[in-house]
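A.B. asks: File coords-v5.cif follows (mmCIF, C-alpha atoms):
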```
data_work
loop_
_atom_site.label_atom_id
_atom_site.label_comp_id
_atom_site.auth_asym_id
_atom_site.auth_seq_id
_atom_site.Cartn_x
_atom_site.Cartn_y
_atom_site.Cartn_z
CA MET A 1 3.31 313.91 190.16
CA ALA A 2 5.90 316.38 191.35
CA GLN A 3 9.46 315.29 191.35
CA ILE A 4 10.55 314.21 194.85
CA PHE A 5 14.31 314.12 194.31
CA HIS A 6 16.26 316.96 192.84
CA PRO A 7 18.34 315.88 189.77
CA SER A 8 21.56 316.42 191.77
CA PHE A 9 20.63 313.30 193.76
CA ASN A 10 21.69 311.25 190.76
CA THR A 11 25.29 312.21 191.37
CA LEU A 12 24.87 311.75 195.10
CA SER A 13 23.57 308.19 194.67
CA ARG A 14 26.42 307.34 192.31
CA VAL A 15 28.92 308.73 194.78
CA SER A 16 27.38 306.78 197.64
CA ILE A 17 27.50 303.49 195.68
CA PHE A 18 31.14 304.24 194.96
CA GLY A 19 31.71 305.28 198.61
CA ALA A 20 30.05 302.16 199.99
CA VAL A 21 33.01 300.13 198.84
CA PHE A 22 35.28 302.29 200.93
CA PHE A 23 32.84 302.31 203.78
CA LEU A 24 32.73 298.51 203.81
CA GLY A 25 36.49 298.35 203.49
CA ALA A 26 36.89 300.70 206.43
CA ALA A 27 34.40 298.67 208.47
CA VAL A 28 36.31 295.44 207.78
CA TRP A 29 39.58 297.17 208.56
CA GLY A 30 38.13 298.61 211.78
CA TRP A 31 36.81 295.20 212.82
CA ASP A 32 40.17 293.62 212.15
CA ARG A 33 41.92 296.35 214.17
CA LEU A 34 39.49 295.77 217.00
CA LEU A 35 40.12 292.01 216.96
CA ARG A 36 43.84 292.61 217.07
CA SER A 37 43.69 295.39 219.65
CA PRO A 38 44.70 294.78 223.26
CA TYR A 39 41.00 295.15 224.10
CA ASN A 40 40.36 291.81 222.44
CA THR A 41 43.70 289.99 222.65
CA GLN A 42 44.65 291.21 226.14
CA VAL A 43 48.22 291.76 224.94
CA ASN A 44 50.21 294.01 227.28
CA VAL A 45 47.27 294.34 229.66
CA ALA A 46 48.49 293.52 233.18
CA ARG A 47 46.03 291.44 235.14
CA GLU A 48 44.89 292.37 238.63
CA GLN A 49 45.66 289.42 240.90
CA PRO A 50 44.38 288.60 244.39
CA VAL A 51 47.98 289.02 245.58
CA PRO A 52 50.20 291.44 243.61
CA PHE A 53 52.82 288.80 242.77
CA SER A 54 55.78 290.30 240.94
CA HIS A 55 57.97 288.26 238.59
CA LYS A 56 60.19 291.32 238.44
CA HIS A 57 61.05 290.99 242.13
CA HIS A 58 61.26 287.23 242.31
CA VAL A 59 62.92 286.46 238.96
CA ALA A 60 65.08 289.51 238.21
CA GLY A 61 65.54 290.62 241.82
CA LEU A 62 66.09 287.28 243.55
CA GLY A 63 67.09 285.12 240.58
CA ILE A 64 64.66 282.30 241.37
CA ASP A 65 64.37 279.78 238.53
CA CYS A 66 60.99 279.39 236.78
CA ARG A 67 60.94 275.74 237.73
CA PHE A 68 60.99 276.49 241.46
CA CYS A 69 57.38 277.61 241.02
CA HIS A 70 56.27 276.23 237.63
CA THR A 71 57.44 272.74 238.51
CA SER A 72 55.70 270.69 235.82
CA VAL A 73 56.72 272.77 232.80
CA GLU A 74 59.39 270.28 231.70
CA GLU A 75 57.31 267.12 231.85
CA SER A 76 53.74 268.06 231.08
CA ALA A 77 51.42 270.14 228.96
CA PHE A 78 50.54 272.31 231.92
CA ALA A 79 53.28 274.55 233.34
CA GLY A 80 51.90 274.48 236.88
CA ILE A 81 50.97 277.32 239.23
CA PRO A 82 52.67 277.20 242.63
CA PRO A 83 50.63 276.11 245.65
CA THR A 84 50.42 278.42 248.68
CA LYS A 85 53.05 276.32 250.45
CA THR A 86 55.67 277.41 247.90
CA CYS A 87 55.14 281.05 248.84
CA MET A 88 55.10 280.25 252.55
CA GLY A 89 58.49 278.51 252.33
CA CYS A 90 59.93 282.03 252.22
CA HIS A 91 57.07 284.24 253.37
CA SER A 92 56.61 282.50 256.70
CA LEU A 93 59.74 284.50 257.61
CA VAL A 94 60.33 287.10 254.88
CA TRP A 95 57.79 289.97 254.89
CA LYS A 96 55.83 287.79 257.26
CA ASP A 97 53.46 290.51 258.48
CA ALA A 98 53.01 292.39 255.20
CA PRO A 99 49.28 293.15 254.68
CA MET A 100 49.86 292.50 250.95
CA LEU A 101 50.45 288.84 251.76
CA GLU A 102 47.48 288.36 254.08
CA LYS A 103 45.60 286.37 251.39
CA ILE A 104 48.54 283.94 251.21
CA ARG A 105 48.69 283.44 254.95
CA GLU A 106 44.92 283.05 255.13
CA SER A 107 45.03 280.47 252.34
CA TYR A 108 47.72 278.56 254.24
CA ARG A 109 45.71 278.65 257.48
CA THR A 110 42.39 277.65 255.96
CA ASP A 111 43.66 275.41 253.16
CA ALA A 112 41.52 277.37 250.65
CA PRO A 113 43.38 277.90 247.35
CA VAL A 114 44.41 281.38 246.14
CA GLU A 115 42.34 282.18 243.06
CA TRP A 116 44.89 283.47 240.53
CA VAL A 117 43.42 285.07 237.43
CA ARG A 118 44.51 283.34 234.22
CA VAL A 119 46.63 285.48 231.95
CA HIS A 120 46.92 283.01 229.07
CA ASP A 121 44.03 280.84 228.05
CA LEU A 122 43.73 279.13 224.69
CA PRO A 123 40.27 278.13 223.49
CA ASP A 124 39.62 274.50 224.41
CA PHE A 125 39.66 273.31 220.79
CA ALA A 126 43.37 274.11 220.49
CA TYR A 127 45.94 271.83 222.10
CA PHE A 128 49.15 273.16 223.57
CA ASP A 129 51.94 271.35 225.37
CA HIS A 130 54.81 273.01 227.24
CA SER A 131 57.09 269.99 227.53
CA ILE A 132 57.70 269.57 223.79
CA HIS A 133 58.53 273.24 223.32
CA VAL A 134 60.93 273.23 226.27
CA SER A 135 62.71 270.09 225.12
CA LYS A 136 63.01 271.39 221.54
CA GLY A 137 64.83 274.49 222.73
CA ILE A 138 62.05 277.13 222.64
CA GLY A 139 62.55 279.44 225.61
CA CYS A 140 59.94 280.88 227.97
CA THR A 141 60.67 284.45 226.94
CA THR A 142 60.16 283.70 223.24
CA CYS A 143 56.46 283.21 223.94
CA HIS A 144 55.90 285.00 227.24
CA GLY A 145 58.22 287.97 226.75
CA GLN A 146 60.52 289.43 229.37
CA VAL A 147 58.66 288.01 232.35
CA ASP A 148 61.44 289.31 234.58
CA GLU A 149 60.33 292.87 233.81
CA MET A 150 56.70 292.35 234.76
CA PRO A 151 55.55 293.70 238.14
CA LEU A 152 52.20 292.12 237.30
CA THR A 153 51.98 289.44 234.66
CA TRP A 154 50.66 290.31 231.22
CA ARG A 155 50.35 288.58 227.90
CA GLU A 156 53.12 289.35 225.45
CA ASN A 157 51.69 287.62 222.38
CA THR A 158 48.18 287.22 220.99
CA LEU A 159 48.15 283.38 221.16
CA ASN A 160 46.27 283.57 217.85
CA MET A 161 46.68 280.77 215.37
CA ASP A 162 48.70 282.97 213.01
CA TRP A 163 51.16 283.58 215.85
CA CYS A 164 51.61 279.85 216.52
CA LEU A 165 52.05 279.24 212.81
CA SER A 166 54.56 282.06 212.35
CA CYS A 167 56.90 279.90 214.38
CA HIS A 168 55.70 276.43 213.39
CA ARG A 169 56.44 277.16 209.71
CA ASP A 170 60.11 277.66 210.52
CA PRO A 171 60.97 277.09 214.18
CA GLU A 172 64.70 277.32 213.46
CA VAL A 173 64.45 281.12 213.65
CA PHE A 174 63.52 280.95 217.34
CA VAL A 175 65.56 278.02 218.64
CA ARG A 176 68.10 278.37 221.45
CA ASP A 177 70.29 275.97 223.40
CA ARG A 178 68.31 273.85 225.86
CA ALA A 179 70.50 275.17 228.66
CA ASP A 180 69.17 278.69 227.97
CA VAL A 181 65.46 277.84 227.82
CA PHE A 182 64.76 279.25 231.30
CA SER A 183 67.12 282.17 231.02
CA THR A 184 65.66 285.67 230.97
CA GLU A 185 68.98 287.21 229.96
CA TRP A 186 69.17 285.41 226.64
CA ARG A 187 68.56 287.61 223.58
CA PRO A 188 67.76 286.46 220.02
CA ASP A 189 71.06 287.73 218.59
CA ASP A 190 73.06 285.63 221.07
CA VAL A 191 73.05 282.82 218.50
CA SER A 192 74.23 283.12 214.93
CA ALA A 193 72.40 281.62 211.95
CA GLU A 194 74.94 278.77 211.78
CA GLU A 195 74.50 277.94 215.45
CA ARG A 196 70.73 277.91 214.98
CA ALA A 197 71.01 275.57 212.03
CA GLU A 198 73.23 273.32 214.11
CA LEU A 199 70.75 273.34 217.03
CA ALA A 200 67.83 272.63 214.69
CA GLU A 201 69.77 269.65 213.39
CA ARG A 202 70.61 268.41 216.89
CA TYR A 203 67.02 268.74 218.18
CA HIS A 204 65.51 267.37 214.95
CA LEU A 205 63.31 270.42 214.51
CA GLU A 206 60.49 269.98 212.05
CA SER A 207 58.03 272.40 210.58
CA MET A 208 54.63 271.33 211.98
CA THR A 209 51.68 273.01 210.29
CA ASN A 210 49.31 270.10 209.99
CA CYS A 211 45.91 271.05 211.45
CA SER A 212 45.82 267.93 213.61
CA VAL A 213 48.94 268.96 215.53
CA CYS A 214 46.91 271.56 217.40
CA HIS A 215 43.31 270.58 216.68
CA ARG A 216 43.13 266.98 217.82
CA MET B 1 6.21 285.30 208.49
CA SER B 2 6.06 289.02 209.19
CA ALA B 3 9.16 291.13 208.76
CA ARG B 4 9.36 291.53 212.50
CA ASN B 5 9.30 287.77 213.10
CA ARG B 6 11.89 287.30 210.42
CA LEU B 7 14.16 289.82 212.09
CA GLY B 8 13.57 288.11 215.43
CA ALA B 9 14.43 284.70 213.98
CA ALA B 10 17.60 286.07 212.39
CA LEU B 11 18.69 287.63 215.67
CA ALA B 12 17.97 284.45 217.60
CA GLY B 13 19.95 282.50 215.02
CA ALA B 14 22.88 284.88 215.34
CA LEU B 15 22.75 284.56 219.11
CA LEU B 16 22.72 280.77 218.86
CA LEU B 17 25.78 280.88 216.62
CA THR B 18 27.75 282.97 219.13
CA ALA B 19 26.63 280.59 221.83
CA CYS B 20 28.08 277.65 219.89
CA ARG B 21 31.32 279.50 219.49
CA GLN B 22 31.61 280.06 223.22
CA ASP B 23 30.77 276.40 223.84
CA MET B 24 33.68 275.32 221.71
CA HIS B 25 35.95 277.86 223.34
CA ASP B 26 35.05 276.75 226.80
CA GLN B 27 34.04 273.13 226.65
CA PRO B 28 32.44 271.37 229.61
CA ARG B 29 35.66 269.87 230.94
CA TYR B 30 38.11 271.07 233.54
CA GLU B 31 41.48 272.50 232.73
CA PRO B 32 44.18 271.81 235.31
CA LEU B 33 43.43 273.72 238.55
CA GLU B 34 40.22 275.25 237.15
CA ALA B 35 37.64 276.24 239.77
CA SER B 36 34.70 273.89 240.17
CA ALA B 37 31.15 274.63 241.28
CA PHE B 38 30.55 270.95 241.98
CA PHE B 39 32.94 270.27 244.85
CA ALA B 40 32.34 272.05 248.15
CA ASP B 41 35.93 273.31 248.38
CA GLY B 42 35.84 274.65 244.81
CA ARG B 43 38.74 272.54 243.47
CA SER B 44 38.52 270.45 240.33
CA SER B 45 42.00 269.00 240.95
CA ARG B 46 41.11 266.71 243.82
CA PRO B 47 43.51 266.24 246.74
CA GLN B 48 44.36 262.63 247.44
CA VAL B 49 42.02 260.90 249.88
CA ALA B 50 43.80 260.18 253.16
CA GLY B 51 44.95 256.61 253.59
CA THR B 52 44.85 255.73 249.88
CA VAL B 53 47.60 254.94 247.38
CA ALA B 54 47.31 256.14 243.79
CA ARG B 55 47.98 253.65 240.99
CA GLY B 56 51.69 253.40 240.26
CA GLU B 57 52.57 255.15 243.50
CA LEU B 58 53.02 252.20 245.81
CA ARG B 59 56.26 253.02 247.55
CA LEU B 60 57.57 249.96 249.31
CA ASP B 61 61.27 250.56 248.76
CA ALA B 62 62.12 252.38 252.00
CA HIS B 63 65.67 253.10 250.88
CA LEU B 64 64.60 254.90 247.68
CA TYR B 65 61.43 256.57 248.93
CA ALA B 66 62.10 257.26 252.61
CA GLY B 67 65.90 257.29 252.75
CA THR B 68 66.00 254.69 255.49
CA VAL B 69 67.46 251.19 255.78
CA ASN B 70 66.07 249.14 258.66
CA GLY B 71 64.62 252.33 260.12
CA GLU B 72 68.01 254.11 260.21
CA PRO B 73 69.02 256.96 257.85
CA ALA B 74 70.63 255.31 254.81
CA THR B 75 74.41 255.56 254.61
CA GLU B 76 74.49 254.56 250.93
CA PHE B 77 72.75 255.85 247.79
CA PRO B 78 69.94 253.63 246.45
CA PHE B 79 71.38 253.73 242.92
CA GLU B 80 74.77 254.22 241.33
CA ILE B 81 76.02 257.81 241.16
CA THR B 82 77.34 258.55 237.69
CA MET B 83 78.54 261.79 236.13
CA ASP B 84 75.06 262.23 234.59
CA VAL B 85 73.42 261.95 238.00
CA LEU B 86 75.83 264.54 239.38
CA GLU B 87 75.09 266.94 236.51
CA ARG B 88 71.39 266.49 237.13
CA GLY B 89 72.02 267.08 240.83
CA ARG B 90 73.85 270.30 240.13
CA GLU B 91 71.02 271.58 237.94
CA ARG B 92 68.34 270.66 240.50
CA TYR B 93 70.38 272.05 243.39
CA ASP B 94 70.71 275.38 241.60
CA ILE B 95 66.94 275.48 241.01
CA PHE B 96 65.66 274.30 244.37
CA CYS B 97 68.28 274.98 247.03
CA SER B 98 70.56 277.83 245.90
CA ALA B 99 68.10 280.66 246.68
CA CYS B 100 68.61 279.92 250.39
CA HIS B 101 71.77 277.77 250.67
CA ASP B 102 73.69 279.66 247.96
CA TYR B 103 75.49 278.00 245.07
CA VAL B 104 78.34 276.65 247.18
CA GLY B 105 76.20 275.60 250.13
CA ASN B 106 77.49 278.11 252.67
CA GLY B 107 73.96 279.06 253.73
CA GLU B 108 74.15 282.65 252.52
CA GLY B 109 71.69 282.57 249.63
CA ILE B 110 69.97 285.73 248.45
CA VAL B 111 66.75 285.10 250.39
CA VAL B 112 68.78 284.80 253.60
CA ARG B 113 70.21 288.23 252.87
CA ARG B 114 66.60 289.45 252.68
CA GLY B 115 65.60 288.17 256.10
CA LEU B 116 65.19 284.39 256.06
CA LYS B 117 66.72 282.45 258.94
CA GLN B 118 70.30 281.52 258.03
CA PRO B 119 70.73 277.79 257.44
CA PRO B 120 73.93 276.13 258.64
CA SER B 121 76.71 275.77 256.08
CA PHE B 122 76.93 272.30 254.47
CA HIS B 123 80.65 272.43 255.22
CA ILE B 124 80.43 272.16 258.99
CA GLU B 125 81.65 268.96 260.65
CA ARG B 126 78.16 267.76 261.67
CA LEU B 127 76.71 267.94 258.14
CA ARG B 128 79.85 266.53 256.54
CA ASP B 129 79.43 263.48 258.74
CA ALA B 130 75.65 263.22 258.25
CA PRO B 131 74.64 260.23 256.07
CA PRO B 132 72.82 260.76 252.72
CA GLY B 133 69.63 259.45 254.33
CA TYR B 134 69.66 262.39 256.73
CA PHE B 135 69.69 264.90 253.86
CA PHE B 136 66.93 262.93 252.19
CA ASP B 137 64.83 263.30 255.31
CA VAL B 138 65.40 267.09 255.45
CA ILE B 139 64.31 267.53 251.81
CA THR B 140 61.35 265.19 252.22
CA ARG B 141 59.96 266.33 255.54
CA GLY B 142 61.52 269.74 256.11
CA PHE B 143 63.62 270.85 259.05
CA GLY B 144 62.80 273.66 261.49
CA ALA B 145 62.21 276.81 259.46
CA MET B 146 62.81 274.99 256.17
CA TYR B 147 59.65 273.74 254.48
CA ASP B 148 59.77 270.34 252.83
CA LEU B 149 60.26 270.19 249.06
CA SER B 150 58.64 266.80 248.52
CA ASP B 151 55.94 268.20 246.23
CA LYS B 152 58.53 269.84 243.97
CA VAL B 153 61.47 267.43 243.80
CA PRO B 154 60.86 263.79 242.76
CA VAL B 155 62.76 261.16 244.78
CA GLU B 156 65.40 260.39 242.15
CA ASP B 157 66.22 264.08 241.92
CA ARG B 158 66.51 264.31 245.71
CA TRP B 159 69.23 261.66 245.65
CA ALA B 160 70.94 263.42 242.75
CA ILE B 161 70.93 266.67 244.74
CA ILE B 162 72.42 264.90 247.77
CA ALA B 163 75.17 263.45 245.60
CA TYR B 164 75.92 266.96 244.38
CA VAL B 165 75.93 268.32 247.96
CA ARG B 166 78.49 265.61 248.75
CA ALA B 167 80.57 266.85 245.83
CA LEU B 168 80.26 270.44 247.12
CA GLN B 169 81.39 269.30 250.56
CA LEU B 170 84.39 267.57 249.05
CA SER B 171 85.23 270.59 246.92
CA GLN B 172 85.40 272.92 249.92
CA ASN B 173 87.66 270.58 251.88
CA ALA B 174 89.88 269.03 249.25
CA THR B 175 93.67 269.20 249.10
CA MET B 176 95.74 269.36 245.94
CA VAL B 177 96.78 265.73 246.42
CA GLU B 178 93.18 264.58 245.90
CA VAL B 179 92.84 266.34 242.53
CA PRO B 180 93.36 263.95 239.58
CA ALA B 181 96.74 264.56 237.95
CA GLY B 182 95.18 265.71 234.66
CA MET B 183 93.18 268.48 236.34
CA ARG B 184 95.94 269.73 238.62
CA ALA B 185 97.74 271.76 235.97
CA MET B 186 94.47 273.44 234.98
CA LEU B 187 93.68 274.45 238.56
CA GLU B 188 97.19 275.71 239.16
CA SER B 189 97.18 277.86 236.04
CA GLU B 190 93.77 279.29 237.04
CA ALA B 191 95.01 280.02 240.55
CA GLY B 192 98.05 281.75 239.07
CA GLN B 193 95.92 284.19 237.08
#
```
What is this file in structure tokens?
C.D. replies:
Amino acid sequence: MAQIFHPSFNTLSRVSIFGAVFFLGAAVWGWDRLLRSPYNTQVNVAREQPVPFSHKHHVAGLGIDCRFCHTSVEESAFAGIPPTKTCMGCHSLVWKDAPMLEKIRESYRTDAPVEWVRVHDLPDFAYFDHSIHVSKGIGCTTCHGQVDEMPLTWRENTLNMDWCLSCHRDPEVFVRDRADVFSTEWRPDDVSAEERAELAERYHLESMTNCSVCHR
Amino acid sequence: MSARNRLGAALAGALLLTACRQDMHDQPRYEPLEASAFFADGRSSRPQVAGTVARGELRLDAHLYAGTVNGEPATEFPFEITMDVLERGRERYDIFCSACHDYVGNGEGIVVRRGLKQPPSFHIERLRDAPPGYFFDVITRGFGAMYDLSDKVPVEDRWAIIAYVRALQLSQNATMVEVPAGMRAMLESEAGQ
């Protein structure tokens, strides 16, 4: 029988076995990049909302405290999303005819809720609780970024397990005074290492990496 | 099993696995405020049925919960006002009232400067003479253009805020004689600067 493959194919097959390792490596790397890309994690991707609510205007511009709208963030797991009435307290008079706010007025008239699109959503098998983080001196901006600079809300961090753990291993690095938890002006270098150690002591900060803390 | 069937089975298996993953990600329970296909109005967080009282929310103490004593606005606070209560009141006032009433209560908060109706200053005669129960009523049921804040501020905090408003009223109308001796020197040195 005539030879099908030319002898040079020997080299080619050796090269391709060798190359496969790299090919696989590149595929794994590519997959990992994809998983960590904004396409998958939604980091820095501003969400379209039914009403273009701007934290930039309301927090940085008007100086309204987070708790005016996210009322349950100090006592419960859920931070709370403001009901239509909260908006109407001001917008029944301020910008009261703006077309942008028609959905809010309609919701108030008809008692049908505004359907905000979730920006952060952990999978249901992971447990998260705002109140403990707030009372242990972890500020909103540490996890949610500079909300006061967001015309539309986006996600600042991946919310992946490795992100949670990067803090849970040593929360002292991120702690701030409880009085500054809601501040958007606070910056990490406002506290020195000694002050952080002192705060960690005062708030009894522990490293919590046990699986059952978050998977219960 | 033919190769084709085997491939089909493998694909089906893979699909099933991804399905499981999604199930665990989004389990058949409601998160707070999640939309519901079951209720006609689409809410999973159910509004309270009219005429019912939730467990632990029986509110018989009219003084604490309605700010009235024998049907009249209460002239006293329902609990003792300590320094802690005042501090709490200051914090809550700054969160819930300052945007409109400003930090000193003169009714010139930032939202007023952007077009909201201007509230009266807390330092006018009429509001200085108004009993705490009157303020409680304004926070709880609203007043004219001001919407009520009963869903945002729990009753104890409302009283703490009122105590702080009282302190603000005092502060804007105090004379040097009323300042405790220990604090007088501090104020005078600050005024001198």
A.B. asks: Could the residues of chain B within 8 Å of chain A, counting only C-alpha atoms, be given as JSON, numbers by chain, please?
C.D. replies: {"B": [24, 25, 26, 27, 32, 41, 95, 96, 99, 110, 111, 114, 115, 116, 117, 146, 147, 152]}
A.B. asks: Once 3 Å is added on each side, what are the centre and the three edge lengths, in Å to one decimal, of the axis-aligned box enclosing the listed atoms of region 132-149 of chain A? Present them as JSON.
C.D. replies:
```
{"center_x": 60.4, "center_y": 281.2, "center_z": 228.1, "size_x": 14.9, "size_y": 29.3, "size_z": 19.0}
```
A.B. asks: Would you translate the PyMOL selection byres ((chain B and resi 65-79) around 10) into the concrete set of residues it matches in this file, as a ChimeraX atom specification?
C.D. replies: /B:58-64,80-82,85,130-137,140-141,154-156,158-160,162-163
A.B. asks: Would you compute the distance between CA of Ile138 (chain A) and CA of Asn210 (chain A)? Give it in Å to one decimal.
C.D. replies: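 Going from CA of Ile138 (chain A) over to CA of Asn210 (chain A), I get 19.3 Å.
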A.B. asks: For this structure, which residues satisfy the selection - the PyMOL selection byres ((chain A and resi 202-207) around 12) - when it is evaluated on the file as given? I want them as a PDB file with C-alpha atoms, in the frame of the given file.
C.D. replies:
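Just written: result.pdb:
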```pdb
ATOM      1  CA  ILE A 132      57.700 269.570 223.790  1.00  0.00           C
ATOM      2  CA  HIS A 133      58.530 273.240 223.320  1.00  0.00           C
ATOM      3  CA  VAL A 134      60.930 273.230 226.270  1.00  0.00           C
ATOM      4  CA  SER A 135      62.710 270.090 225.120  1.00  0.00           C
ATOM      5  CA  LYS A 136      63.010 271.390 221.540  1.00  0.00           C
ATOM      6  CA  GLY A 137      64.830 274.490 222.730  1.00  0.00           C
ATOM      7  CA  ILE A 138      62.050 277.130 222.640  1.00  0.00           C
ATOM      8  CA  CYS A 164      51.610 279.850 216.520  1.00  0.00           C
ATOM      9  CA  LEU A 165      52.050 279.240 212.810  1.00  0.00           C
ATOM     10  CA  SER A 166      54.560 282.060 212.350  1.00  0.00           C
ATOM     11  CA  CYS A 167      56.900 279.900 214.380  1.00  0.00           C
ATOM     12  CA  HIS A 168      55.700 276.430 213.390  1.00  0.00           C
ATOM     13  CA  ARG A 169      56.440 277.160 209.710  1.00  0.00           C
ATOM     14  CA  ASP A 170      60.110 277.660 210.520  1.00  0.00           C
ATOM     15  CA  PRO A 171      60.970 277.090 214.180  1.00  0.00           C
ATOM     16  CA  GLU A 172      64.700 277.320 213.460  1.00  0.00           C
ATOM     17  CA  VAL A 173      64.450 281.120 213.650  1.00  0.00           C
ATOM     18  CA  PHE A 174      63.520 280.950 217.340  1.00  0.00           C
ATOM     19  CA  VAL A 175      65.560 278.020 218.640  1.00  0.00           C
ATOM     20  CA  ARG A 176      68.100 278.370 221.450  1.00  0.00           C
ATOM     21  CA  ASP A 177      70.290 275.970 223.400  1.00  0.00           C
ATOM     22  CA  ARG A 178      68.310 273.850 225.860  1.00  0.00           C
ATOM     23  CA  GLU A 195      74.500 277.940 215.450  1.00  0.00           C
ATOM     24  CA  ARG A 196      70.730 277.910 214.980  1.00  0.00           C
ATOM     25  CA  ALA A 197      71.010 275.570 212.030  1.00  0.00           C
ATOM     26  CA  GLU A 198      73.230 273.320 214.110  1.00  0.00           C
ATOM     27  CA  LEU A 199      70.750 273.340 217.030  1.00  0.00           C
ATOM     28  CA  ALA A 200      67.830 272.630 214.690  1.00  0.00           C
ATOM     29  CA  GLU A 201      69.770 269.650 213.390  1.00  0.00           C
ATOM     30  CA  MET A 208      54.630 271.330 211.980  1.00  0.00           C
ATOM     31  CA  THR A 209      51.680 273.010 210.290  1.00  0.00           C
ATOM     32  CA  ASN A 210      49.310 270.100 209.990  1.00  0.00           C
ATOM     33  CA  VAL A 213      48.940 268.960 215.530  1.00  0.00           C
TER      34      VAL A 213
END
```
A.B. asks: Nearest to Tyr103 (chain B): which of B:Arg90, B:His123, B:Arg46, B:Arg29 is it, counting all atoms listed in the file?
C.D. replies: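 The answer is B:Arg90, which sits nearest to Tyr103 (chain B).
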A.B. asks: Name the residues in contact with region 145-154 of chain A at a cut-off of 7 Å, using all atoms listed in the file, excluding same-chain residues fewer than 2 positions from it; report them as a list in words.
C.D. replies: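 Contacts, with the query itself left out: Val43, Asn44, Val45, Ala46, Arg47, Pro52, Phe53, Ser54, His55, Lys56, Val59, Ala60, Val119, Thr141, Thr142, Cys143, Glu156 and Thr184 of chain A.
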A.B. asks: Find the distance between CA of Pro38 (chain A) and CA of Thr158 (chain A) and write it in Å to one decimal.
C.D. replies: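 Separation of CA of Pro38 (chain A) and CA of Thr158 (chain A): 8.6 Å.
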A.B. asks: For a test of reading the model, state the distance in Å between CA of Ser13 (chain A) and CA of Ala27 (chain A), rounded to one decimal.
C.D. replies: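 Separation of CA of Ser13 (chain A) and CA of Ala27 (chain A): 20.0 Å.
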A.B. asks: Restricting the calculation to only C-alpha atoms: of B:Gly42, B:Pro28, B:Pro47, B:Gly105, which residue gets closest to Arg166 (chain B)?
C.D. replies: B:Gly105
A.B. asks: Ranking A:Asp32, A:Leu24, A:Val51, A:Asp129 by minimum distance to Ser107 (chain A) and counting all atoms listed in the file, which one comes first?
C.D. replies: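 Looking at the shortest contact to Ser107 (chain A), the residue is A:Val51.
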A.B. asks: Evaluating the PyMOL selection byres ((chain A and resi 104) around 8) on the displayed file yields which residues, as a ChimeraX atom specification?
C.D. replies: /A:51,84,87-88,101-103,105-108,114
